[in-house]
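As provided, work_13.cif (mmCIF, C-alpha atoms and all ligand atoms) reads as follows.
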data_my_file
#
loop_
_atom_site.label_atom_id
_atom_site.label_comp_id
_atom_site.auth_asym_id
_atom_site.auth_seq_id
_atom_site.Cartn_x
_atom_site.Cartn_y
_atom_site.Cartn_z
CA MET Z 1 153.34 148.69 133.25
CA ALA Z 2 149.79 149.08 131.92
CA GLU Z 3 147.03 147.97 134.26
CA ILE Z 4 145.01 144.98 133.05
CA THR Z 5 141.36 145.92 132.55
CA LYS Z 6 140.12 143.07 130.39
CA VAL Z 7 141.98 140.33 128.49
CA LEU Z 8 140.78 139.27 125.06
CA VAL Z 9 141.54 135.60 124.38
CA THR Z 10 141.00 134.52 120.78
CA GLY Z 11 140.13 130.91 119.85
CA ALA Z 12 138.44 130.20 123.21
CA THR Z 13 137.36 126.66 122.35
CA GLY Z 14 140.95 125.53 121.68
CA PHE Z 15 143.20 123.27 123.77
CA ILE Z 16 145.66 125.91 125.00
CA ALA Z 17 143.02 128.67 125.27
CA GLY Z 18 140.98 126.59 127.75
CA HIS Z 19 143.93 126.45 130.14
CA VAL Z 20 144.81 130.13 129.57
CA ILE Z 21 141.24 131.24 130.36
CA LYS Z 22 141.11 129.11 133.53
CA HIS Z 23 144.43 130.57 134.67
CA LEU Z 24 143.34 134.15 133.97
CA LEU Z 25 140.05 133.76 135.85
CA GLN Z 26 141.86 132.15 138.79
CA ASN Z 27 144.12 135.23 138.82
CA GLY Z 28 141.03 137.46 139.07
CA GLN Z 29 141.16 138.86 135.51
CA CYS Z 30 138.09 139.69 133.38
CA VAL Z 31 138.10 137.73 130.14
CA ARG Z 32 136.41 138.32 126.81
CA ALA Z 33 136.91 135.27 124.61
CA THR Z 34 136.18 134.64 120.93
CA THR Z 35 134.83 131.79 118.84
CA ARG Z 36 133.81 131.88 115.19
CA SER Z 37 130.24 130.82 115.87
CA ASN Z 38 128.57 131.34 119.20
CA ASN Z 39 125.23 130.36 120.66
CA GLU Z 40 123.78 129.84 124.13
CA SER Z 41 124.48 126.13 124.33
CA LYS Z 42 128.09 126.54 123.13
CA GLU Z 43 128.76 129.15 125.80
CA ARG Z 44 127.05 127.00 128.46
CA GLU Z 45 129.15 124.00 127.45
CA LEU Z 46 132.39 125.99 127.47
CA ARG Z 47 131.63 127.49 130.88
CA GLU Z 48 130.92 124.00 132.22
CA LYS Z 49 134.18 122.57 130.83
CA LEU Z 50 136.22 125.45 132.21
CA GLY Z 51 134.43 125.38 135.57
CA ILE Z 52 133.04 128.92 135.17
CA ASP Z 53 129.86 129.81 137.07
CA PRO Z 54 126.95 130.14 134.56
CA ASP Z 55 126.16 133.63 135.93
CA SER Z 56 129.73 134.89 136.26
CA LYS Z 57 130.17 138.30 134.62
CA THR Z 58 133.98 138.03 134.56
CA PHE Z 59 133.76 135.85 131.43
CA GLU Z 60 132.03 136.61 128.14
CA LEU Z 61 132.10 134.76 124.81
CA VAL Z 62 131.75 136.73 121.56
CA GLU Z 63 131.88 135.89 117.87
CA ALA Z 64 134.85 136.84 115.69
CA ASP Z 65 136.84 135.31 112.84
CA VAL Z 66 140.48 136.34 112.38
CA LEU Z 67 139.99 136.17 108.63
CA VAL Z 68 137.28 138.85 108.78
CA ALA Z 69 139.16 142.12 109.29
CA ASP Z 70 136.32 144.45 110.23
CA SER Z 71 134.96 142.39 113.13
CA TRP Z 72 137.86 143.12 115.49
CA GLU Z 73 137.73 146.77 116.54
CA ALA Z 74 134.39 146.28 118.32
CA VAL Z 75 135.57 143.03 119.90
CA LEU Z 76 138.74 144.69 121.24
CA ASP Z 77 136.97 147.70 122.67
CA GLY Z 78 137.78 148.07 126.39
CA CYS Z 79 140.45 145.32 126.38
CA SER Z 80 143.93 146.30 127.61
CA HIS Z 81 145.60 142.98 126.73
CA VAL Z 82 145.13 140.44 123.94
CA ILE Z 83 146.17 136.78 123.82
CA GLN Z 84 146.13 135.76 120.15
CA LEU Z 85 145.73 131.98 120.10
CA ALA Z 86 143.13 131.54 117.35
CA SER Z 87 144.65 129.63 114.55
CA PRO Z 88 143.08 129.65 111.14
CA THR Z 89 145.42 126.76 110.39
CA ASN Z 90 143.44 123.85 111.80
CA GLY Z 91 142.00 121.65 109.11
CA PHE Z 92 144.79 122.49 106.63
CA TRP Z 93 147.50 119.97 107.42
CA ASN Z 94 148.26 118.62 103.95
CA GLU Z 95 151.41 119.80 102.24
CA GLU Z 96 149.39 120.63 99.12
CA ASP Z 97 147.55 123.29 101.14
CA GLU Z 98 150.85 125.02 101.96
CA GLN Z 99 150.08 128.31 100.21
CA GLU Z 100 146.56 128.57 101.65
CA LEU Z 101 147.81 127.73 105.13
CA SER Z 102 150.46 130.46 105.10
CA ASP Z 103 148.17 133.02 103.47
CA GLN Z 104 145.48 132.52 106.13
CA ALA Z 105 147.97 132.58 109.02
CA ILE Z 106 149.50 135.87 107.78
CA ARG Z 107 146.13 137.44 106.98
CA GLY Z 108 144.71 136.52 110.40
CA THR Z 109 147.77 137.99 112.13
CA ILE Z 110 147.65 141.28 110.23
CA ASN Z 111 143.88 141.62 110.73
CA ILE Z 112 144.19 141.32 114.51
CA LEU Z 113 147.28 143.52 114.84
CA THR Z 114 145.83 146.23 112.60
CA ALA Z 115 142.73 146.38 114.80
CA CYS Z 116 144.93 146.41 117.95
CA SER Z 117 146.85 149.39 116.56
CA LYS Z 118 143.58 151.32 116.16
CA VAL Z 119 141.94 150.49 119.49
CA LEU Z 120 143.57 152.75 122.05
CA SER Z 121 142.76 150.59 125.07
CA VAL Z 122 145.08 147.78 123.80
CA LYS Z 123 148.49 147.99 125.48
CA ARG Z 124 150.03 144.56 124.94
CA VAL Z 125 149.48 141.61 122.58
CA ILE Z 126 150.68 138.09 123.42
CA PHE Z 127 151.09 136.27 120.12
CA THR Z 128 151.24 132.47 120.13
CA SER Z 129 153.77 131.38 117.56
CA SER Z 130 155.61 128.03 117.70
CA VAL Z 131 159.07 126.71 118.41
CA LEU Z 132 158.93 125.61 114.77
CA ALA Z 133 159.30 129.29 113.87
CA VAL Z 134 162.69 129.14 115.64
CA SER Z 135 164.05 126.08 113.85
CA ASN Z 136 163.16 122.91 112.02
CA PHE Z 137 165.59 121.18 114.41
CA ARG Z 138 167.77 119.22 112.04
CA LYS Z 139 170.94 119.90 114.10
CA THR Z 140 172.05 119.36 117.68
CA THR Z 141 173.63 122.82 118.10
CA PRO Z 142 171.70 124.92 120.67
CA HIS Z 143 168.92 127.16 119.31
CA THR Z 144 167.90 130.44 120.88
CA GLU Z 145 165.19 133.05 120.31
CA LYS Z 146 167.57 134.78 117.85
CA ASP Z 147 167.11 131.90 115.36
CA TRP Z 148 164.52 131.66 112.62
CA ALA Z 149 163.42 128.48 110.88
CA ASP Z 150 164.28 128.11 107.20
CA VAL Z 151 160.87 128.21 105.51
CA ASP Z 152 162.11 126.20 102.54
CA GLU Z 153 163.04 123.29 104.80
CA GLY Z 154 160.08 122.60 107.09
CA THR Z 155 156.48 121.46 106.79
CA ALA Z 156 153.52 123.52 105.55
CA TYR Z 157 152.53 124.14 109.18
CA SER Z 158 156.01 125.25 110.34
CA LYS Z 159 156.25 127.55 107.33
CA SER Z 160 152.86 129.14 108.13
CA LYS Z 161 153.82 129.73 111.78
CA THR Z 162 157.20 131.22 110.81
CA LEU Z 163 155.73 133.56 108.19
CA ALA Z 164 152.88 134.62 110.51
CA GLU Z 165 155.28 135.49 113.32
CA GLN Z 166 157.59 137.35 110.95
CA ALA Z 167 154.57 139.28 109.69
CA ALA Z 168 153.71 140.23 113.28
CA TRP Z 169 157.22 141.63 113.99
CA GLN Z 170 157.28 143.44 110.63
CA PHE Z 171 153.88 144.97 111.38
CA LEU Z 172 155.13 146.25 114.74
CA LYS Z 173 158.22 147.68 113.06
CA SER Z 174 156.07 149.42 110.43
CA LEU Z 175 154.36 151.41 113.20
CA GLU Z 176 157.75 153.12 113.72
CA GLY Z 177 157.86 155.69 116.55
CA GLU Z 178 154.18 155.49 117.47
CA LYS Z 179 153.91 151.94 118.82
CA PRO Z 180 150.49 151.81 120.47
CA PHE Z 181 151.07 148.34 121.95
CA GLU Z 182 153.86 145.95 122.95
CA LEU Z 183 154.21 142.53 121.38
CA VAL Z 184 155.29 139.38 123.23
CA CYS Z 185 155.78 136.12 121.33
CA ILE Z 186 155.37 132.74 122.96
CA ASN Z 187 157.01 129.91 120.99
CA PRO Z 188 155.77 126.62 122.45
CA GLY Z 189 156.97 123.18 121.47
CA PHE Z 190 154.57 120.31 120.98
CA VAL Z 191 151.94 120.99 123.64
CA LEU Z 192 150.72 118.04 125.74
CA GLY Z 193 148.87 117.73 129.06
CA PRO Z 194 145.28 117.55 130.32
CA TYR Z 195 142.77 117.79 127.49
CA PHE Z 196 139.23 118.80 128.28
CA THR Z 197 137.90 121.16 125.61
CA ARG Z 198 137.06 120.29 122.01
CA SER Z 199 137.65 117.10 120.03
CA PRO Z 200 141.35 116.23 120.24
CA GLY Z 201 143.71 117.75 117.69
CA CYS Z 202 147.17 116.88 116.45
CA SER Z 203 149.03 116.91 119.78
CA ALA Z 204 146.44 114.69 121.47
CA ALA Z 205 146.62 112.29 118.53
CA VAL Z 206 150.26 111.41 119.29
CA ILE Z 207 149.37 110.30 122.82
CA ALA Z 208 146.09 108.65 121.75
CA ASP Z 209 147.69 106.71 118.88
CA THR Z 210 150.65 105.59 121.02
CA LEU Z 211 148.45 104.50 123.93
CA MET Z 212 146.06 102.61 121.63
CA ASN Z 213 148.90 101.03 119.59
CA LYS Z 214 147.48 102.49 116.38
CA ASN Z 215 150.84 101.95 114.64
CA SER Z 216 153.00 99.02 115.66
CA ARG Z 217 156.19 101.14 115.37
CA VAL Z 218 157.09 104.81 115.85
CA PRO Z 219 159.74 106.86 114.01
CA HIS Z 220 163.01 107.61 115.81
CA ILE Z 221 162.42 111.33 116.07
CA ALA Z 222 162.50 113.58 119.13
CA LEU Z 223 159.57 115.93 119.78
CA PRO Z 224 160.04 119.27 121.60
CA ILE Z 225 157.47 118.62 124.31
CA CYS Z 226 155.99 121.16 126.72
CA ASP Z 227 153.13 121.08 129.20
CA VAL Z 228 149.93 122.98 128.46
CA ARG Z 229 149.79 124.22 132.07
CA ASP Z 230 153.27 125.75 131.67
CA VAL Z 231 152.24 127.26 128.32
CA ALA Z 232 149.15 128.81 129.96
CA LYS Z 233 151.26 130.22 132.79
CA ALA Z 234 153.74 131.61 130.24
CA HIS Z 235 150.93 133.50 128.45
CA VAL Z 236 149.59 134.92 131.70
CA THR Z 237 153.02 135.97 133.05
CA ALA Z 238 153.80 137.54 129.68
CA LEU Z 239 150.89 139.99 130.20
CA THR Z 240 152.78 141.85 132.91
CA SER Z 241 156.49 141.00 132.67
CA GLN Z 242 158.47 144.12 131.82
CA GLU Z 243 161.39 142.07 130.48
CA ALA Z 244 159.11 140.08 128.16
CA ALA Z 245 158.10 143.16 126.10
CA ASN Z 246 158.88 142.89 122.39
CA LYS Z 247 160.73 139.57 122.77
CA ARG Z 248 160.29 135.90 121.81
CA HIS Z 249 160.10 133.08 124.38
CA ILE Z 250 160.78 129.41 123.67
CA ILE Z 251 158.67 127.08 125.84
CA VAL Z 252 160.05 123.53 125.78
CA SER Z 253 160.48 121.03 128.63
CA ASP Z 254 162.67 118.63 126.68
CA PHE Z 255 163.09 116.80 123.37
CA VAL Z 256 161.64 113.30 123.81
CA PHE Z 257 161.95 110.40 121.35
CA CYS Z 258 158.62 108.85 120.32
CA ASP Z 259 159.51 105.41 121.71
CA LYS Z 260 160.23 107.05 125.10
CA ILE Z 261 156.67 108.43 125.04
CA GLY Z 262 155.47 104.84 124.49
CA LYS Z 263 157.64 103.60 127.38
CA ILE Z 264 156.30 106.27 129.76
CA LEU Z 265 152.72 105.35 128.79
CA SER Z 266 153.53 101.66 129.10
CA SER Z 267 154.87 101.96 132.63
CA GLU Z 268 151.61 103.60 133.75
CA PHE Z 269 149.00 101.89 131.56
CA LYS Z 270 150.30 98.39 130.68
CA THR Z 271 148.88 96.96 133.90
CA GLN Z 272 145.57 98.71 133.09
CA GLY Z 273 144.94 96.71 129.90
CA TYR Z 274 146.54 99.10 127.35
CA ASN Z 275 149.40 98.16 125.03
CA PRO Z 276 151.27 101.39 124.08
CA THR Z 277 153.61 101.36 121.07
CA THR Z 278 157.25 101.21 122.15
CA ALA Z 279 158.95 99.69 119.09
CA VAL Z 280 160.97 101.88 116.71
CA ALA Z 281 160.43 101.76 112.93
CA SER Z 282 163.28 100.97 110.60
CA ARG Z 283 164.95 104.07 109.12
CA SER Z 284 165.53 102.37 105.79
CA LEU Z 285 161.83 101.52 105.48
CA VAL Z 286 160.74 105.12 106.23
CA LYS Z 287 163.41 106.41 103.82
CA PHE Z 288 162.07 104.07 101.14
CA LEU Z 289 158.49 105.28 101.83
CA SER Z 290 159.65 108.91 101.55
CA PHE Z 291 160.44 108.34 97.85
CA PHE Z 292 156.70 107.74 97.30
CA ASP Z 293 155.21 109.98 99.99
CA SER Z 294 156.97 113.32 100.53
CA SER Z 295 155.32 113.78 103.96
CA HIS Z 296 157.94 111.33 105.35
CA ARG Z 297 160.88 113.55 104.26
CA PRO Z 298 160.97 115.83 107.35
CA THR Z 299 160.92 112.64 109.49
CA ILE Z 300 163.99 111.29 107.71
CA ALA Z 301 165.78 114.66 108.04
CA SER Z 302 165.21 114.62 111.83
CA TRP Z 303 165.87 110.89 112.33
CA GLY Z 304 167.85 110.13 115.50
CA ILE Z 305 168.63 113.81 116.20
CA LYS Z 306 168.11 115.11 119.74
CA PRO Z 307 168.14 118.89 119.28
CA ASN Z 308 168.87 121.47 121.91
CA VAL Z 309 167.13 124.74 122.81
CA ASP Z 310 168.08 127.48 125.21
CA THR Z 311 165.18 127.94 127.64
CA THR Z 312 166.75 130.66 129.78
CA ARG Z 313 164.02 133.20 128.94
CA MET Z 314 161.28 130.68 129.79
CA ARG Z 315 162.85 130.05 133.20
CA GLU Z 316 164.12 133.52 134.09
CA VAL Z 317 161.68 135.93 132.45
CA LEU Z 318 158.47 133.87 132.51
CA LYS Z 319 159.42 132.01 135.73
CA ILE Z 320 158.49 128.59 134.35
CA THR Z 321 160.03 125.49 135.90
CA PRO Z 322 158.89 122.88 133.40
CA THR Z 323 156.52 120.13 134.54
CA ALA Z 324 158.11 116.65 134.49
CA ILE Z 325 157.69 115.02 131.07
CA ASP Z 326 156.24 111.79 132.54
CA LYS Z 327 153.50 113.79 134.32
CA THR Z 328 152.67 115.76 131.17
CA ILE Z 329 152.28 112.59 129.09
CA VAL Z 330 150.47 110.47 131.68
CA ASP Z 331 148.07 113.31 132.61
CA MET Z 332 147.16 113.79 128.95
CA ALA Z 333 146.40 110.08 128.53
CA TYR Z 334 144.23 110.03 131.68
CA SER Z 335 142.33 113.13 130.54
CA LEU Z 336 141.67 111.63 127.09
CA ILE Z 337 140.25 108.47 128.72
CA GLN Z 338 138.30 110.26 131.44
CA ASN Z 339 136.75 112.74 129.01
CA GLY Z 340 135.54 109.91 126.79
CA PHE Z 341 137.95 110.51 123.87
CA LEU Z 342 139.56 107.07 124.40
CA PRO Z 343 137.96 103.82 125.63
CA GLU Z 344 138.23 102.66 129.26
CA THR Z 345 139.52 99.12 129.69
CA GLU Z 346 138.08 96.84 132.39
CA GLN Z 347 141.31 97.22 134.38
CA PHE Z 348 141.33 101.05 134.08
CA ARG Z 349 141.99 102.76 137.41
CA ALA Z 350 140.96 106.41 137.50
CA PRO Z 351 143.41 108.59 139.46
CA ASN Z 352 142.08 109.97 142.76
CA ASN Z 353 142.29 113.52 141.43
CA PRO Z 354 141.64 113.88 137.67
CA PRO Z 355 144.43 115.89 135.96
CA VAL Z 356 143.59 119.58 135.46
P1 LIG H 401 143.20 124.42 118.68
O1 LIG H 401 143.16 123.86 117.30
O2 LIG H 401 142.85 123.51 119.82
O3 LIG H 401 142.29 125.71 118.78
C1 LIG H 401 142.40 126.76 117.89
C2 LIG H 401 141.10 127.56 117.95
O4 LIG H 401 141.18 128.58 116.97
C3 LIG H 401 139.89 126.73 117.64
O5 LIG H 401 139.26 126.35 118.85
C4 LIG H 401 139.00 127.64 116.79
O6 LIG H 401 137.85 128.01 117.54
C5 LIG H 401 139.85 128.89 116.58
N1 LIG H 401 139.88 129.29 115.17
C6 LIG H 401 140.17 128.54 114.11
N2 LIG H 401 140.11 129.29 112.99
C7 LIG H 401 139.77 130.54 113.38
C8 LIG H 401 139.52 131.76 112.71
N3 LIG H 401 139.61 131.86 111.39
N4 LIG H 401 139.19 132.86 113.44
C9 LIG H 401 139.07 132.77 114.78
N5 LIG H 401 139.26 131.64 115.48
C10 LIG H 401 139.61 130.54 114.78
O7 LIG H 401 144.63 125.04 118.86
P2 LIG H 401 145.72 124.86 119.97
O8 LIG H 401 145.19 125.21 121.29
O9 LIG H 401 146.39 123.55 119.76
O10 LIG H 401 146.75 125.99 119.50
C11 LIG H 401 146.52 127.38 119.75
C12 LIG H 401 147.63 128.17 119.11
O11 LIG H 401 148.89 127.69 119.57
C13 LIG H 401 147.67 128.07 117.59
O12 LIG H 401 148.07 129.30 117.07
C14 LIG H 401 148.74 127.01 117.36
O13 LIG H 401 149.35 127.13 116.08
C15 LIG H 401 149.71 127.34 118.46
N6 LIG H 401 150.54 126.21 118.84
C16 LIG H 401 149.99 125.01 119.20
C17 LIG H 401 150.79 123.92 119.55
C18 LIG H 401 150.21 122.60 119.95
O14 LIG H 401 151.00 121.62 120.10
N7 LIG H 401 148.90 122.48 120.16
C19 LIG H 401 152.26 124.05 119.50
C20 LIG H 401 152.74 125.38 119.16
C21 LIG H 401 151.91 126.40 118.82
P3 LIG H 401 136.33 128.05 116.94
O15 LIG H 401 136.19 126.84 116.06
O16 LIG H 401 135.48 128.00 118.18
O17 LIG H 401 136.24 129.33 116.23
#
Can you present the structure in this file as structure tokens?
Amino acid sequence: MAEITKVLVTGATGFIAGHVIKHLLQNGQCVRATTRSNNESKERELREKLGIDPDSKTFELVEADVLVADSWEAVLDGCSHVIQLASPTNGFWNEEDEQELSDQAIRGTINILTACSKVLSVKRVIFTSSVLAVSNFRKTTPHTEKDWADVDEGTAYSKSKTLAEQAAWQFLKSLEGEKPFELVCINPGFVLGPYFTRSPGCSAAVIADTLMNKNSRVPHIALPICDVRDVAKAHVTALTSQEAANKRHIIVSDFVFCDKIGKILSSEFKTQGYNPTTAVASRSLVKFLSFFDSSHRPTIASWGIKPNVDTTRMREVLKITPTAIDKTIVDMAYSLIQNGFLPETEQFRAPNNPPV
């Protein structure tokens, strides 16, 4: 097993990356992290949010864009391990951007892996894919890491993640006998848990909207939830696990229906002046809406289905015992309130120890 000299973490300002970096530093690793645009105040702010000493030399932030191929060899120099979290996909969520989304995801993947194949210090790459690259979850039969999502069936985002991961495995295969690095794929579900980095993205929006009763009803669909702290641990364990090499790993705690998320939030926050959404929308209404707005079609296809995934590799190879769903959801809501992303009610009671 190659010794870890320095770990490159791409997309340092992101939700999952924040937790990964904290975990790495707590484990005594040296971290070089990337952002597309860096300056002194950005680095100071990131260090503060991640609790890193301003003078600590075990952390450095550098500029790099996965869509710019020639920036990576210098950035990778001296790094033995790479955690590829940067996603050129944020901002492109509309179905009409499908082609652009997939093109950028594939291009970013190939740019990084090509550079990794040229920089001799790189021994292992942890690639963050998604459980949506395993399946679009329209059936209850168990899914394993052997499965691949049908790209003609899912959303623009699931298609981009599937094609990007396939591109990564094909790239590794194309290196034939002379594989300079090992690849480990992490396939997380919908990641929730304490949020402290940048402005909240898609996963935080589900908790924020439910807590704030943005919509009076939620669809009857089950989300493959996982905890960001478990996802961070999975990435860090994947750096050194012999059995993880050149394999995929599904990270999911459980499939949870949206109204259950509302009920969990309600039991914690109702007495604190919040009114989380717990009512379920009518299927016939959503089906009717899907005739006019195609973005509702995947919702109808997944309506009422509680899928099933095999998480043996998560538990046995990456040694993850998933965090309880209630804790994941409640901790995320507290962190969104305590970090000023959601309003505090008069009755709000901050927990004794803020979730981290
Ligand atoms: P975020 O959106 O929070 O962060 C992604 C980061 O990527 C941003 O902070 C941004 O940093 C960086 N980035 C964006 N475009 C580029 C680019 N062209 N080059 C370099 N960096 C770029 O993402 P998450 O933490 O939510 O997700 C991280 C990874 O995990 C992604 O690949 C995502 O698809 C995957 N994933 C996420 C799930 C979730 O529920 N959140 C579920 C499953 C998979 P900056 O602006 O500073 O450059």
**Q.** At most 8 Å from ligand LIG 401 (chain H) (only C-alpha atoms and all ligand atoms): residue list as a ChimeraX atom specification
**A.** /Z:10-18,34-38,64-68,84-90,104,108,128-132,161,187-192,197-198,200-203
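One finds CA of Phe181 (chain Z) at 7.6 Å from CA of Cys116 (chain Z).
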Q.
Just the number, please: distance in Å from CA of Gly273 (chain Z) to CA of Pro351 (chain Z), one decimal.
A. 15.3 Å
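Neighbouring residues of Ser335 (chain Z) at 6 Å or closer, counting all atoms listed in the file and skipping chain neighbours under 4 positions away, are Z:Pro194, Z:Tyr195, Z:Asn339.
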**Q.** Exercise: Leu318 (chain Z) partners within 9 Å, all atoms listed in the file, chain neighbours under 5 positions left out, as a VMD selection string
**A.** chain Z and resid 233 to 238 241 243 to 244 249 313
**Q.** Exercise: Lys6 (chain Z) partners within 8 Å, only C-alpha atoms, chain neighbours under 3 positions left out, as a ChimeraX atom specification
**A.** /Z:29-32,78-81
Q: Tell me which of Z:Lys306, Z:Lys247, Z:Lys287, Z:Lys260 sits closest to Ala222 (chain Z), counting only C-alpha atoms.
A: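 Between Z:Lys306, Z:Lys247, Z:Lys287, Z:Lys260, the residue approaching Ala222 (chain Z) most closely is Z:Lys306.
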Q: Would you mind telling me which residue in Z:Ser216, Z:Ser199, Z:Thr323, Z:Gln26 lies nearest to Gly51 (chain Z) when using all atoms listed in the file?
A: Z:Gln26
Q | Nearest residue to Leu25 (chain Z) from the set Z:Ser294, Z:Ser56, Z:Ser160, Z:Asn353 (distances using all atoms listed in the file) | A |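 Checking each of Z:Ser294, Z:Ser56, Z:Ser160, Z:Asn353 against Leu25 (chain Z), counting all atoms listed in the file, the winner is Z:Ser56.
CA of Ser41 (chain Z) sits 13.8 Å away from CA of Glu63 (chain Z).
For the choices Z:Ile251, Z:Leu101, Z:Val75, Z:Leu239, the atom-to-atom distance to Ile4 (chain Z) is smallest for Z:Leu239 when using only C-alpha atoms.
Considering all atoms listed in the file, the residue among Z:Asn215, Z:Ala204, Z:Gly193, Z:Pro224 positioned nearest to Asp326 (chain Z) is Z:Gly193.
Distances from Z:Val122, Z:Val330, Z:Ile221, Z:Leu265 to Ala281 (chain Z) were compared using all atoms listed in the file, and the smallest one belongs to Z:Ile221.
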**Q.** Spatial neighbours of Ala301 (chain Z), max dist 10 Å, all atoms listed in the file, sep filter under 2 positions, as number ranges by chain
**A.** Z: 136-139, 153-154, 221, 287, 296-299, 303-305
Q: List the neighbours of Leu113 (chain Z) out to 9 Å using all atoms listed in the file; skip same-chain residues closer than 3 positions along the sequence, and give me the result as a list in words.
A: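 Here the answer would be Gly108, Thr109, Ile110, Cys116, Ser117, Lys118, Val125, Ala168, Phe171 and Leu172 of chain Z.
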Return the padded bounding box of region 74-82 of chain Z as JSON: axis-aligned, built from all atoms listed in the file, 8 Å added on each side, with centre and edge lengths in Å to one decimal.
{"center_x": 140.0, "center_y": 144.3, "center_z": 123.0, "size_x": 27.2, "size_y": 23.6, "size_z": 25.3}
(Q) Here's a test: counting all atoms listed in the file, identify every protein, DNA and RNA residue with an atom at most 12 Å from (159.7, 104.4, 116.6) in the file's coordinate frame, and state them as a PyMOL selection string. (A) chain Z and resi 210+213+215-223+256-263+276-283+285-286+299+303-304
